[in-house]
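For reference, protein04.cif is printed below; it contains mmCIF, C-alpha atoms.
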```
data_coords
loop_
_atom_site.group_PDB
_atom_site.id
_atom_site.type_symbol
_atom_site.label_atom_id
_atom_site.label_comp_id
_atom_site.auth_asym_id
_atom_site.auth_seq_id
_atom_site.Cartn_x
_atom_site.Cartn_y
_atom_site.Cartn_z
ATOM 1 C CA MET A 13 -45.871 -29.450 2.336
ATOM 2 C CA ASN A 14 -45.116 -29.309 6.044
ATOM 3 C CA GLU A 15 -41.736 -30.267 7.475
ATOM 4 C CA ALA A 16 -43.039 -33.428 9.146
ATOM 5 C CA LEU A 17 -44.486 -34.805 5.898
ATOM 6 C CA GLN A 18 -41.271 -34.040 4.029
ATOM 7 C CA GLY A 19 -39.380 -35.846 6.787
ATOM 8 C CA LEU A 20 -41.627 -38.888 6.390
ATOM 9 C CA LEU A 21 -41.151 -38.914 2.607
ATOM 10 C CA ASP A 22 -37.375 -38.718 3.143
ATOM 11 C CA LEU A 23 -37.634 -41.644 5.575
ATOM 12 C CA LEU A 24 -39.420 -43.705 2.918
ATOM 13 C CA ASP A 25 -36.937 -42.811 0.167
ATOM 14 C CA LEU A 26 -34.586 -45.779 0.541
ATOM 15 C CA GLU A 27 -30.943 -45.792 -0.473
ATOM 16 C CA GLN A 28 -30.013 -48.519 -2.956
ATOM 17 C CA ILE A 29 -26.719 -50.096 -1.861
ATOM 18 C CA GLU A 30 -26.652 -53.064 -4.280
ATOM 19 C CA GLU A 31 -28.972 -54.713 -6.771
ATOM 20 C CA ASP A 32 -32.160 -55.626 -4.854
ATOM 21 C CA ILE A 33 -30.648 -54.404 -1.563
ATOM 22 C CA PHE A 34 -31.781 -51.163 0.046
ATOM 23 C CA ARG A 35 -31.087 -49.298 3.257
ATOM 24 C CA GLY A 36 -33.567 -47.244 5.257
ATOM 25 C CA GLN A 37 -33.163 -45.087 8.315
ATOM 26 C CA SER A 38 -35.233 -45.430 11.473
ATOM 27 C CA ARG A 39 -36.743 -43.180 14.052
ATOM 28 C CA SER A 40 -38.403 -43.716 17.408
ATOM 29 C CA ALA A 41 -42.165 -43.943 17.787
ATOM 30 C CA VAL A 42 -44.649 -43.684 20.660
ATOM 31 C CA VAL A 43 -43.144 -46.874 22.085
ATOM 32 C CA PRO A 44 -39.339 -47.355 22.313
ATOM 33 C CA ARG A 45 -38.997 -49.363 19.102
ATOM 34 C CA VAL A 46 -39.335 -48.783 15.389
ATOM 35 C CA PHE A 47 -42.951 -48.152 14.388
ATOM 36 C CA GLY A 48 -44.266 -51.198 12.541
ATOM 37 C CA GLY A 49 -45.966 -49.106 9.874
ATOM 38 C CA GLN A 50 -42.601 -47.582 8.994
ATOM 39 C CA VAL A 51 -40.976 -50.977 8.414
ATOM 40 C CA ALA A 52 -43.949 -52.223 6.379
ATOM 41 C CA ALA A 53 -43.963 -49.079 4.242
ATOM 42 C CA GLN A 54 -40.201 -49.164 3.663
ATOM 43 C CA ALA A 55 -40.337 -52.853 2.736
ATOM 44 C CA LEU A 56 -43.079 -52.116 0.204
ATOM 45 C CA VAL A 57 -40.948 -49.313 -1.248
ATOM 46 C CA ALA A 58 -38.049 -51.771 -1.607
ATOM 47 C CA ALA A 59 -40.284 -54.294 -3.383
ATOM 48 C CA GLY A 60 -41.791 -51.601 -5.621
ATOM 49 C CA ARG A 61 -38.355 -50.392 -6.729
ATOM 50 C CA THR A 62 -37.799 -53.788 -8.434
ATOM 51 C CA VAL A 63 -41.146 -53.901 -10.266
ATOM 52 C CA PRO A 64 -42.102 -52.330 -13.628
ATOM 53 C CA GLU A 65 -43.903 -48.988 -13.233
ATOM 54 C CA ASP A 66 -47.073 -50.275 -14.884
ATOM 55 C CA ARG A 67 -47.614 -52.835 -12.089
ATOM 56 C CA HIS A 68 -49.139 -51.678 -8.841
ATOM 57 C CA PRO A 69 -49.410 -53.465 -5.477
ATOM 58 C CA HIS A 70 -52.662 -55.325 -4.945
ATOM 59 C CA SER A 71 -51.753 -57.189 -1.730
ATOM 60 C CA LEU A 72 -49.163 -57.628 0.965
ATOM 61 C CA HIS A 73 -48.717 -60.126 3.773
ATOM 62 C CA ALA A 74 -46.180 -59.501 6.509
ATOM 63 C CA TYR A 75 -44.822 -60.752 9.831
ATOM 64 C CA PHE A 76 -43.199 -58.674 12.546
ATOM 65 C CA LEU A 77 -40.392 -60.882 13.856
ATOM 66 C CA ARG A 78 -38.408 -58.736 16.281
ATOM 67 C CA ALA A 79 -38.617 -55.242 17.730
ATOM 68 C CA GLY A 80 -36.704 -52.775 15.559
ATOM 69 C CA ASP A 81 -33.919 -50.597 16.952
ATOM 70 C CA PRO A 82 -34.707 -46.938 16.158
ATOM 71 C CA GLY A 83 -31.039 -46.031 16.512
ATOM 72 C CA ALA A 84 -29.832 -48.231 13.655
ATOM 73 C CA PRO A 85 -30.483 -48.383 9.893
ATOM 74 C CA ILE A 86 -32.501 -51.238 8.402
ATOM 75 C CA VAL A 87 -31.310 -53.243 5.385
ATOM 76 C CA TYR A 88 -33.994 -54.579 3.026
ATOM 77 C CA THR A 89 -33.192 -57.479 0.687
ATOM 78 C CA VAL A 90 -35.619 -58.231 -2.139
ATOM 79 C CA ASP A 91 -36.203 -61.699 -3.589
ATOM 80 C CA ARG A 92 -37.723 -61.611 -7.094
ATOM 81 C CA MET A 93 -40.059 -64.561 -6.630
ATOM 82 C CA ASN A 94 -41.990 -64.290 -9.886
ATOM 83 C CA ASP A 95 -42.482 -62.084 -12.938
ATOM 84 C CA GLY A 96 -45.561 -63.231 -14.824
ATOM 85 C CA ARG A 97 -47.618 -61.775 -17.638
ATOM 86 C CA SER A 98 -50.043 -60.020 -15.282
ATOM 87 C CA PHE A 99 -48.631 -60.442 -11.782
ATOM 88 C CA THR A 100 -45.259 -59.852 -10.137
ATOM 89 C CA ALA A 101 -44.366 -61.247 -6.695
ATOM 90 C CA ARG A 102 -41.635 -60.066 -4.348
ATOM 91 C CA ARG A 103 -40.415 -61.151 -0.927
ATOM 92 C CA VAL A 104 -38.584 -58.675 1.310
ATOM 93 C CA VAL A 105 -36.660 -59.326 4.520
ATOM 94 C CA ALA A 106 -35.688 -56.431 6.798
ATOM 95 C CA VAL A 107 -32.481 -56.970 8.791
ATOM 96 C CA GLN A 108 -30.923 -55.157 11.742
ATOM 97 C CA HIS A 109 -27.828 -56.195 13.667
ATOM 98 C CA GLY A 110 -27.563 -59.345 11.556
ATOM 99 C CA GLN A 111 -31.077 -60.592 12.381
ATOM 100 C CA PRO A 112 -34.375 -60.427 10.478
ATOM 101 C CA ILE A 113 -36.903 -58.142 12.147
ATOM 102 C CA PHE A 114 -39.642 -58.200 9.495
ATOM 103 C CA ALA A 115 -40.669 -60.232 6.440
ATOM 104 C CA LEU A 116 -43.071 -59.155 3.706
ATOM 105 C CA SER A 117 -44.502 -60.749 0.591
ATOM 106 C CA ALA A 118 -46.156 -58.428 -1.911
ATOM 107 C CA SER A 119 -47.913 -58.985 -5.222
ATOM 108 C CA PHE A 120 -48.200 -56.423 -8.011
ATOM 109 C CA GLN A 121 -50.593 -56.456 -10.961
ATOM 110 C CA LYS A 122 -50.822 -54.829 -14.347
ATOM 111 C CA TYR A 123 -54.131 -52.949 -14.694
ATOM 112 C CA GLU A 124 -56.920 -54.868 -16.407
ATOM 113 C CA GLU A 125 -60.690 -54.636 -16.847
ATOM 114 C CA GLY A 126 -62.847 -57.069 -14.880
ATOM 115 C CA PHE A 127 -65.987 -57.689 -12.841
ATOM 116 C CA GLU A 128 -66.699 -55.097 -10.189
ATOM 117 C CA HIS A 129 -68.817 -54.862 -7.044
ATOM 118 C CA GLN A 130 -68.454 -53.650 -3.465
ATOM 119 C CA GLY A 131 -70.453 -53.281 -0.276
ATOM 120 C CA ALA A 132 -71.928 -50.072 1.081
ATOM 121 C CA MET A 133 -69.709 -47.530 2.822
ATOM 122 C CA PRO A 134 -70.541 -47.149 6.543
ATOM 123 C CA SER A 135 -71.877 -43.837 7.760
ATOM 124 C CA ALA A 136 -69.439 -41.401 9.363
ATOM 125 C CA PRO A 137 -69.421 -37.663 10.087
ATOM 126 C CA ASP A 138 -67.658 -35.246 7.766
ATOM 127 C CA PRO A 139 -63.944 -35.227 8.692
ATOM 128 C CA GLU A 140 -63.821 -31.427 8.641
ATOM 129 C CA THR A 141 -66.272 -31.353 11.573
ATOM 130 C CA LEU A 142 -64.009 -33.484 13.800
ATOM 131 C CA PRO A 143 -61.221 -32.220 16.094
ATOM 132 C CA THR A 144 -57.635 -32.572 14.928
ATOM 133 C CA SER A 145 -55.226 -34.739 16.906
ATOM 134 C CA ARG A 146 -53.768 -31.678 18.593
ATOM 135 C CA GLU A 147 -57.195 -30.308 19.514
ATOM 136 C CA ARG A 148 -58.307 -33.663 20.915
ATOM 137 C CA MET A 149 -55.101 -34.321 22.854
ATOM 138 C CA ARG A 150 -55.386 -30.949 24.614
ATOM 139 C CA GLY A 151 -58.289 -32.339 26.637
ATOM 140 C CA TYR A 152 -56.407 -35.370 27.943
ATOM 141 C CA GLY A 153 -55.023 -34.094 31.234
ATOM 142 C CA HIS A 154 -54.724 -37.680 32.482
ATOM 143 C CA LEU A 155 -51.920 -38.374 29.987
ATOM 144 C CA PRO A 156 -48.321 -37.387 30.838
ATOM 145 C CA ALA A 157 -47.125 -34.409 28.803
ATOM 146 C CA GLN A 158 -44.307 -36.449 27.246
ATOM 147 C CA VAL A 159 -46.799 -39.074 26.019
ATOM 148 C CA VAL A 160 -48.944 -36.375 24.396
ATOM 149 C CA GLU A 161 -45.905 -34.891 22.677
ATOM 150 C CA LYS A 162 -44.766 -38.313 21.416
ATOM 151 C CA PHE A 163 -48.225 -38.971 19.948
ATOM 152 C CA LEU A 164 -48.340 -35.589 18.237
ATOM 153 C CA GLU A 165 -44.800 -35.937 16.922
ATOM 154 C CA ALA A 166 -45.438 -39.459 15.591
ATOM 155 C CA ARG A 167 -48.551 -38.276 13.710
ATOM 156 C CA ALA A 168 -47.395 -34.821 12.631
ATOM 157 C CA ALA A 169 -47.170 -35.842 8.961
ATOM 158 C CA VAL A 170 -50.755 -37.126 8.928
ATOM 159 C CA ASP A 171 -54.028 -35.366 9.680
ATOM 160 C CA LEU A 172 -55.748 -38.162 11.632
ATOM 161 C CA ARG A 173 -59.158 -37.512 13.196
ATOM 162 C CA TYR A 174 -61.052 -39.932 15.435
ATOM 163 C CA VAL A 175 -64.826 -40.076 15.041
ATOM 164 C CA ASP A 176 -65.204 -41.065 18.715
ATOM 165 C CA GLU A 177 -62.861 -40.972 21.694
ATOM 166 C CA PRO A 178 -59.753 -43.152 21.193
ATOM 167 C CA PRO A 179 -58.994 -45.841 23.793
ATOM 168 C CA TYR A 180 -56.572 -43.613 25.717
ATOM 169 C CA GLY A 181 -59.104 -40.771 25.779
ATOM 170 C CA ARG A 182 -61.863 -42.669 27.586
ATOM 171 C CA PHE A 183 -61.204 -46.012 29.241
ATOM 172 C CA GLY A 184 -62.247 -48.140 32.223
ATOM 173 C CA GLU A 185 -65.464 -49.514 30.739
ATOM 174 C CA PRO A 186 -65.822 -51.819 27.717
ATOM 175 C CA ARG A 187 -67.193 -50.241 24.550
ATOM 176 C CA GLU A 188 -68.274 -51.590 21.196
ATOM 177 C CA PRO A 189 -65.167 -53.037 19.463
ATOM 178 C CA HIS A 190 -65.479 -50.600 16.584
ATOM 179 C CA SER A 191 -63.441 -47.510 15.758
ATOM 180 C CA GLN A 192 -63.423 -45.013 12.905
ATOM 181 C CA VAL A 193 -60.785 -42.478 11.928
ATOM 182 C CA TRP A 194 -60.438 -40.198 8.938
ATOM 183 C CA PHE A 195 -56.914 -39.588 7.686
ATOM 184 C CA ARG A 196 -54.924 -37.917 4.936
ATOM 185 C CA THR A 197 -51.363 -36.711 4.655
ATOM 186 C CA ASP A 198 -50.850 -33.158 5.885
ATOM 187 C CA GLY A 199 -49.918 -31.877 2.443
ATOM 188 C CA LYS A 200 -50.157 -32.796 -1.229
ATOM 189 C CA LEU A 201 -48.236 -35.738 -2.688
ATOM 190 C CA ALA A 202 -46.807 -36.422 -6.123
ATOM 191 C CA ASP A 203 -48.913 -38.371 -8.645
ATOM 192 C CA ASP A 204 -47.117 -41.647 -7.921
ATOM 193 C CA PRO A 205 -49.569 -44.540 -7.277
ATOM 194 C CA LEU A 206 -46.969 -46.527 -5.296
ATOM 195 C CA LEU A 207 -46.340 -43.570 -2.984
ATOM 196 C CA HIS A 208 -50.036 -43.312 -2.069
ATOM 197 C CA VAL A 209 -50.221 -47.046 -1.326
ATOM 198 C CA VAL A 210 -47.043 -46.825 0.771
ATOM 199 C CA LEU A 211 -48.432 -43.906 2.817
ATOM 200 C CA ALA A 212 -51.682 -45.803 3.474
ATOM 201 C CA THR A 213 -49.598 -48.803 4.573
ATOM 202 C CA TYR A 214 -47.701 -46.561 6.987
ATOM 203 C CA VAL A 215 -50.900 -45.165 8.548
ATOM 204 C CA SER A 216 -52.695 -48.532 8.649
ATOM 205 C CA ASP A 217 -50.609 -49.703 11.622
ATOM 206 C CA MET A 218 -51.400 -46.651 13.785
ATOM 207 C CA THR A 219 -54.894 -47.462 15.046
ATOM 208 C CA LEU A 220 -55.960 -50.938 13.881
ATOM 209 C CA LEU A 221 -55.793 -52.617 17.300
ATOM 210 C CA ASP A 222 -57.784 -49.798 18.956
ATOM 211 C CA SER A 223 -60.961 -51.822 18.589
ATOM 212 C CA VAL A 224 -59.427 -54.677 20.623
ATOM 213 C CA LEU A 225 -58.687 -52.245 23.442
ATOM 214 C CA LEU A 226 -62.179 -50.735 23.293
ATOM 215 C CA ALA A 227 -63.784 -54.153 23.795
ATOM 216 C CA HIS A 228 -62.012 -54.482 27.147
ATOM 217 C CA GLY A 229 -62.070 -50.891 28.357
ATOM 218 C CA ARG A 230 -58.305 -50.543 28.083
ATOM 219 C CA GLY A 231 -56.513 -47.305 27.342
ATOM 220 C CA GLY A 232 -53.542 -48.982 25.709
ATOM 221 C CA TRP A 233 -49.859 -48.247 25.606
ATOM 222 C CA ALA A 234 -50.342 -44.534 26.320
ATOM 223 C CA VAL A 235 -51.695 -45.234 29.810
ATOM 224 C CA GLY A 236 -49.761 -48.437 30.499
ATOM 225 C CA ASP A 237 -52.677 -50.821 31.071
ATOM 226 C CA VAL A 238 -51.741 -53.028 28.092
ATOM 227 C CA VAL A 239 -48.578 -54.638 26.760
ATOM 228 C CA GLY A 240 -48.649 -55.350 23.063
ATOM 229 C CA ALA A 241 -47.044 -55.488 19.653
ATOM 230 C CA SER A 242 -48.063 -56.223 16.071
ATOM 231 C CA LEU A 243 -47.615 -59.845 14.989
ATOM 232 C CA ASP A 244 -48.737 -59.895 11.369
ATOM 233 C CA HIS A 245 -50.342 -57.554 8.876
ATOM 234 C CA ALA A 246 -52.175 -58.075 5.591
ATOM 235 C CA MET A 247 -53.581 -55.573 3.103
ATOM 236 C CA TRP A 248 -55.489 -55.822 -0.168
ATOM 237 C CA PHE A 249 -55.556 -52.757 -2.414
ATOM 238 C CA HIS A 250 -58.801 -52.864 -4.395
ATOM 239 C CA ARG A 251 -59.043 -49.522 -6.174
ATOM 240 C CA PRO A 252 -56.830 -46.508 -6.847
ATOM 241 C CA PHE A 253 -56.891 -43.788 -4.182
ATOM 242 C CA ARG A 254 -54.922 -40.782 -3.005
ATOM 243 C CA ALA A 255 -53.452 -40.700 0.503
ATOM 244 C CA ASP A 256 -53.533 -36.890 0.436
ATOM 245 C CA GLU A 257 -57.344 -36.926 0.226
ATOM 246 C CA TRP A 258 -59.643 -37.944 3.079
ATOM 247 C CA LEU A 259 -59.885 -41.702 3.676
ATOM 248 C CA LEU A 260 -62.202 -43.361 6.204
ATOM 249 C CA TYR A 261 -60.554 -46.146 8.210
ATOM 250 C CA ASP A 262 -63.420 -48.257 9.586
ATOM 251 C CA GLN A 263 -62.036 -50.798 12.103
ATOM 252 C CA GLU A 264 -63.432 -53.567 14.282
ATOM 253 C CA SER A 265 -62.245 -56.513 16.350
ATOM 254 C CA PRO A 266 -64.094 -59.826 15.911
ATOM 255 C CA SER A 267 -61.951 -61.765 18.410
ATOM 256 C CA ALA A 268 -59.370 -61.726 21.189
ATOM 257 C CA PHE A 269 -57.983 -64.888 22.771
ATOM 258 C CA GLY A 270 -54.742 -66.334 24.114
ATOM 259 C CA GLY A 271 -52.983 -62.996 24.516
ATOM 260 C CA ARG A 272 -53.759 -62.051 20.890
ATOM 261 C CA GLY A 273 -56.292 -59.639 19.446
ATOM 262 C CA LEU A 274 -57.513 -59.432 15.849
ATOM 263 C CA GLY A 275 -58.356 -56.207 14.073
ATOM 264 C CA GLN A 276 -59.953 -55.979 10.650
ATOM 265 C CA ALA A 277 -60.774 -52.869 8.687
ATOM 266 C CA ARG A 278 -61.739 -51.274 5.419
ATOM 267 C CA ILE A 279 -60.469 -48.008 4.008
ATOM 268 C CA TRP A 280 -62.934 -45.960 1.961
ATOM 269 C CA THR A 281 -62.510 -42.864 -0.183
ATOM 270 C CA GLN A 282 -64.686 -39.929 0.788
ATOM 271 C CA ASP A 283 -66.896 -40.496 -2.257
ATOM 272 C CA GLY A 284 -67.668 -44.085 -1.178
ATOM 273 C CA ARG A 285 -65.225 -46.311 -3.059
ATOM 274 C CA LEU A 286 -63.762 -49.295 -1.193
ATOM 275 C CA ALA A 287 -60.012 -48.790 -1.530
ATOM 276 C CA VAL A 288 -58.293 -51.177 0.910
ATOM 277 C CA THR A 289 -58.997 -54.089 3.251
ATOM 278 C CA VAL A 290 -56.680 -54.571 6.244
ATOM 279 C CA ILE A 291 -56.307 -57.375 8.795
ATOM 280 C CA GLN A 292 -53.833 -57.458 11.657
ATOM 281 C CA GLU A 293 -53.237 -59.645 14.701
ATOM 282 C CA GLY A 294 -51.256 -58.397 17.644
ATOM 283 C CA VAL A 295 -50.151 -59.344 21.117
ATOM 284 C CA VAL A 296 -52.550 -57.669 23.567
ATOM 285 C CA ARG A 297 -51.900 -58.542 27.214
ATOM 286 C CA ALA A 298 -52.531 -57.041 30.609
ATOM 287 C CA PRO A 299 -49.205 -56.057 32.217
ATOM 288 C CA ARG A 300 -47.735 -58.869 34.258
ATOM 289 C CA PRO A 301 -47.153 -58.208 37.982
ATOM 290 C CA GLY A 302 -43.576 -57.416 38.976
#
```
What is this file in structure tokens?
Amino acid sequence: MNEALQGLLDLLDLEQIEEDIFRGQSRSAVVPRVFGGQVAAQALVAAGRTVPEDRHPHSLHAYFLRAGDPGAPIVYTVDRMNDGRSFTARRVVAVQHGQPIFALSASFQKYEEGFEHQGAMPSAPDPETLPTSRERMRGYGHLPAQVVEKFLEARAAVDLRYVDEPPYGRFGEPREPHSQVWFRTDGKLADDPLLHVVLATYVSDMTLLDSVLLAHGRGGWAVGDVVGASLDHAMWFHRPFRADEWLLYDQESPSAFGGRGLGQARIWTQDGRLAVTVIQEGVVRAPRPG
């Protein structure tokens, strides 16, 4: 396991400071605030620590309320909303400096047999044939060196490979609002189902609004032609998967309006099983003059 992945696992290993109260550390991201995927993943860890081991997350719904301060710890309080025969519900509020910055509701289910169907997996090239993040970023001479380093540092724990050029790699002309990336953790993980779901939650916030930017020919935060932030985030976990094996993140944007853009996506295992559905809305604005 590489040092970056171990650092991420340490970041997600919350300290319990009281019953149903946990504390997590923060670190800076590409933008000068706490990465939203980190807060979502830590909140899911907090919820999962209060749930029986035989119940696994099947959905989460979350709101980003305020920008997180990367220089301060985050306190997560868990409300045990319901413990039923098959389902368990938890609500988590993340607090910094006395104010809520994030709220999450998550539902967990005991495994059971049931009806099953799914759509067809979209086509995508083999991930091993695609350039790594470091290989791709080497060709982006238009990006400041410090931006490149921040991107590589933020994604060092994850092997994330774009199928096509990301928004900040080629911009200026609108493209189809559709983006694909393959990802897996850069090292093997323990056989803990919650951990794999938490890692997928962490990664899910990295690229989901790319398709909004593509539709308008914008390069995004890396080149400064967009101002934005995540507003809300929802995930449904359909089938078991491993975050240390290749997963295809197929993303598209059906709408942008009123300073908001919507991204929706599906995460597929390499052998074609639909693992996760993700929807996120974010603020996506052109920078205001002055």
Hey, which bits of segment 92-161 of chain A sit within 10 Å of segment 244-247 of chain A, and for each residue what's the closest pair of atoms and how far apart in Å (one decimal), counting all atoms listed in the file, rows by chain and increasing number, as JSON lines?
```
{"residue": "A:Phe114", "atom": "CA", "partner": "A:Asp244", "partner_atom": "CA", "distance": 9.4}
{"residue": "A:Ala115", "atom": "CA", "partner": "A:Asp244", "partner_atom": "CA", "distance": 9.5}
{"residue": "A:Leu116", "atom": "CA", "partner": "A:His245", "partner_atom": "CA", "distance": 9.1}
{"residue": "A:Ser117", "atom": "CA", "partner": "A:Ala246", "partner_atom": "CA", "distance": 9.5}
{"residue": "A:Ala118", "atom": "CA", "partner": "A:Met247", "partner_atom": "CA", "distance": 9.4}
```
task = Mind giving me the straight-line distance from atom CA of Arg35 of chain A to atom CA of Val87 of chain A in Å, one decimal?
result =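 Atom CA of Arg35 of chain A sits 4.5 Å away from atom CA of Val87 of chain A.
Pairwise distance (atom CA of Arg254 of chain A, atom CA of Val57 of chain A) equals 16.5 Å.
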task = Find the residues near Asp256 of chain A: any atom within 7 Å, counting all atoms listed in the file, skip ones fewer than 5 places away on the same chain, and give them as a VMD selection string.
result = chain A and resid 196 to 197 199 to 201
Leaving out Gly294 of chain A and any residue of its chain fewer than 6 positions from it, which residues lie within 9 Å of it when counting all atoms listed in the file, given as a tab-separated table (two decimals) with C-alpha atoms, in the frame of the given file?
```tsv
chain	number	residue	atom	x	y	z
A	221	LEU	CA	-55.79	-52.62	17.30
A	240	GLY	CA	-48.65	-55.35	23.06
A	241	ALA	CA	-47.04	-55.49	19.65
A	242	SER	CA	-48.06	-56.22	16.07
A	243	LEU	CA	-47.62	-59.84	14.99
A	244	ASP	CA	-48.74	-59.90	11.37
A	245	HIS	CA	-50.34	-57.55	8.88
A	271	GLY	CA	-52.98	-63.00	24.52
A	272	ARG	CA	-53.76	-62.05	20.89
A	273	GLY	CA	-56.29	-59.64	19.45
A	274	LEU	CA	-57.51	-59.43	15.85
A	275	GLY	CA	-58.36	-56.21	14.07
```
request  = Could you list the residues chosen by the PyMOL selection byres ((chain A and resi 124) around 12) in this structure as a VMD selection string?
outcome  = chain A and resid 66 to 68 97 to 99 121 to 123 125 to 128 251
ask   = Taking (-38.9, -63.9, -9.9) in the file's coordinates as the center, which residues reach within 12 Å of it, counting all atoms listed in the file, put as JSON, numbers by chain?
value = {"A": [32, 59, 62, 63, 90, 91, 92, 93, 94, 95, 96, 97, 99, 100, 101, 102, 103, 119]}
task = Evaluate the PyMOL selection byres ((chain A and resi 52) around 10) and record the selected residues as a PyMOL selection string, following the chain and residue labels used in the document.
result = chain A and resi 47-51+53-58+72-76+104+106+114-116+210+213-214+216-217+245
ask   = So how far away is atom CA of Val159 of chain A from atom CA of Val175 of chain A, in Å?
value = 21.1 Å
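Residue nearest Met149 of chain A within the list A:Leu211, A:Ala234, A:Ala136, A:Val105: A:Ala234 [criterion: smallest interatomic distance, all atoms listed in the file].
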ask   = Using all atoms listed in the file, which of the listed residues (A:Ser71, A:Gln108, A:Gln263, A:Ser223) sits closest to Thr89 of chain A?
value = A:Gln108
message = List the spatial neighbours of Glu177 of chain A as a list in words - criterion: any atom at most 10 Å away, all atoms listed in the file, same-chain residues fewer than 2 positions off excluded.
response =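 Returned residues: Arg148, Arg173, Tyr174, Val175, Pro179, Tyr180, Gly181, Arg182, Phe183, Ser191, Gln192 and Leu226 of chain A.
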Residues selected by the PyMOL selection byres ((chain A and resi 137) around 12), written as a list of chain:residue names = A:Pro134, A:Ser135, A:Ala136, A:Asp138, A:Pro139, A:Glu140, A:Thr141, A:Leu142, A:Pro143, A:Arg173, A:Tyr174, A:Val175, A:Asp176, A:Gln192, A:Val193, A:Trp194, A:Leu260, A:Gln282
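Using only C-alpha atoms, the smallest distance between any of A:Gly36, A:Pro205, A:Pro266, A:Gly184 and His228 of chain A comes from A:Gly184.
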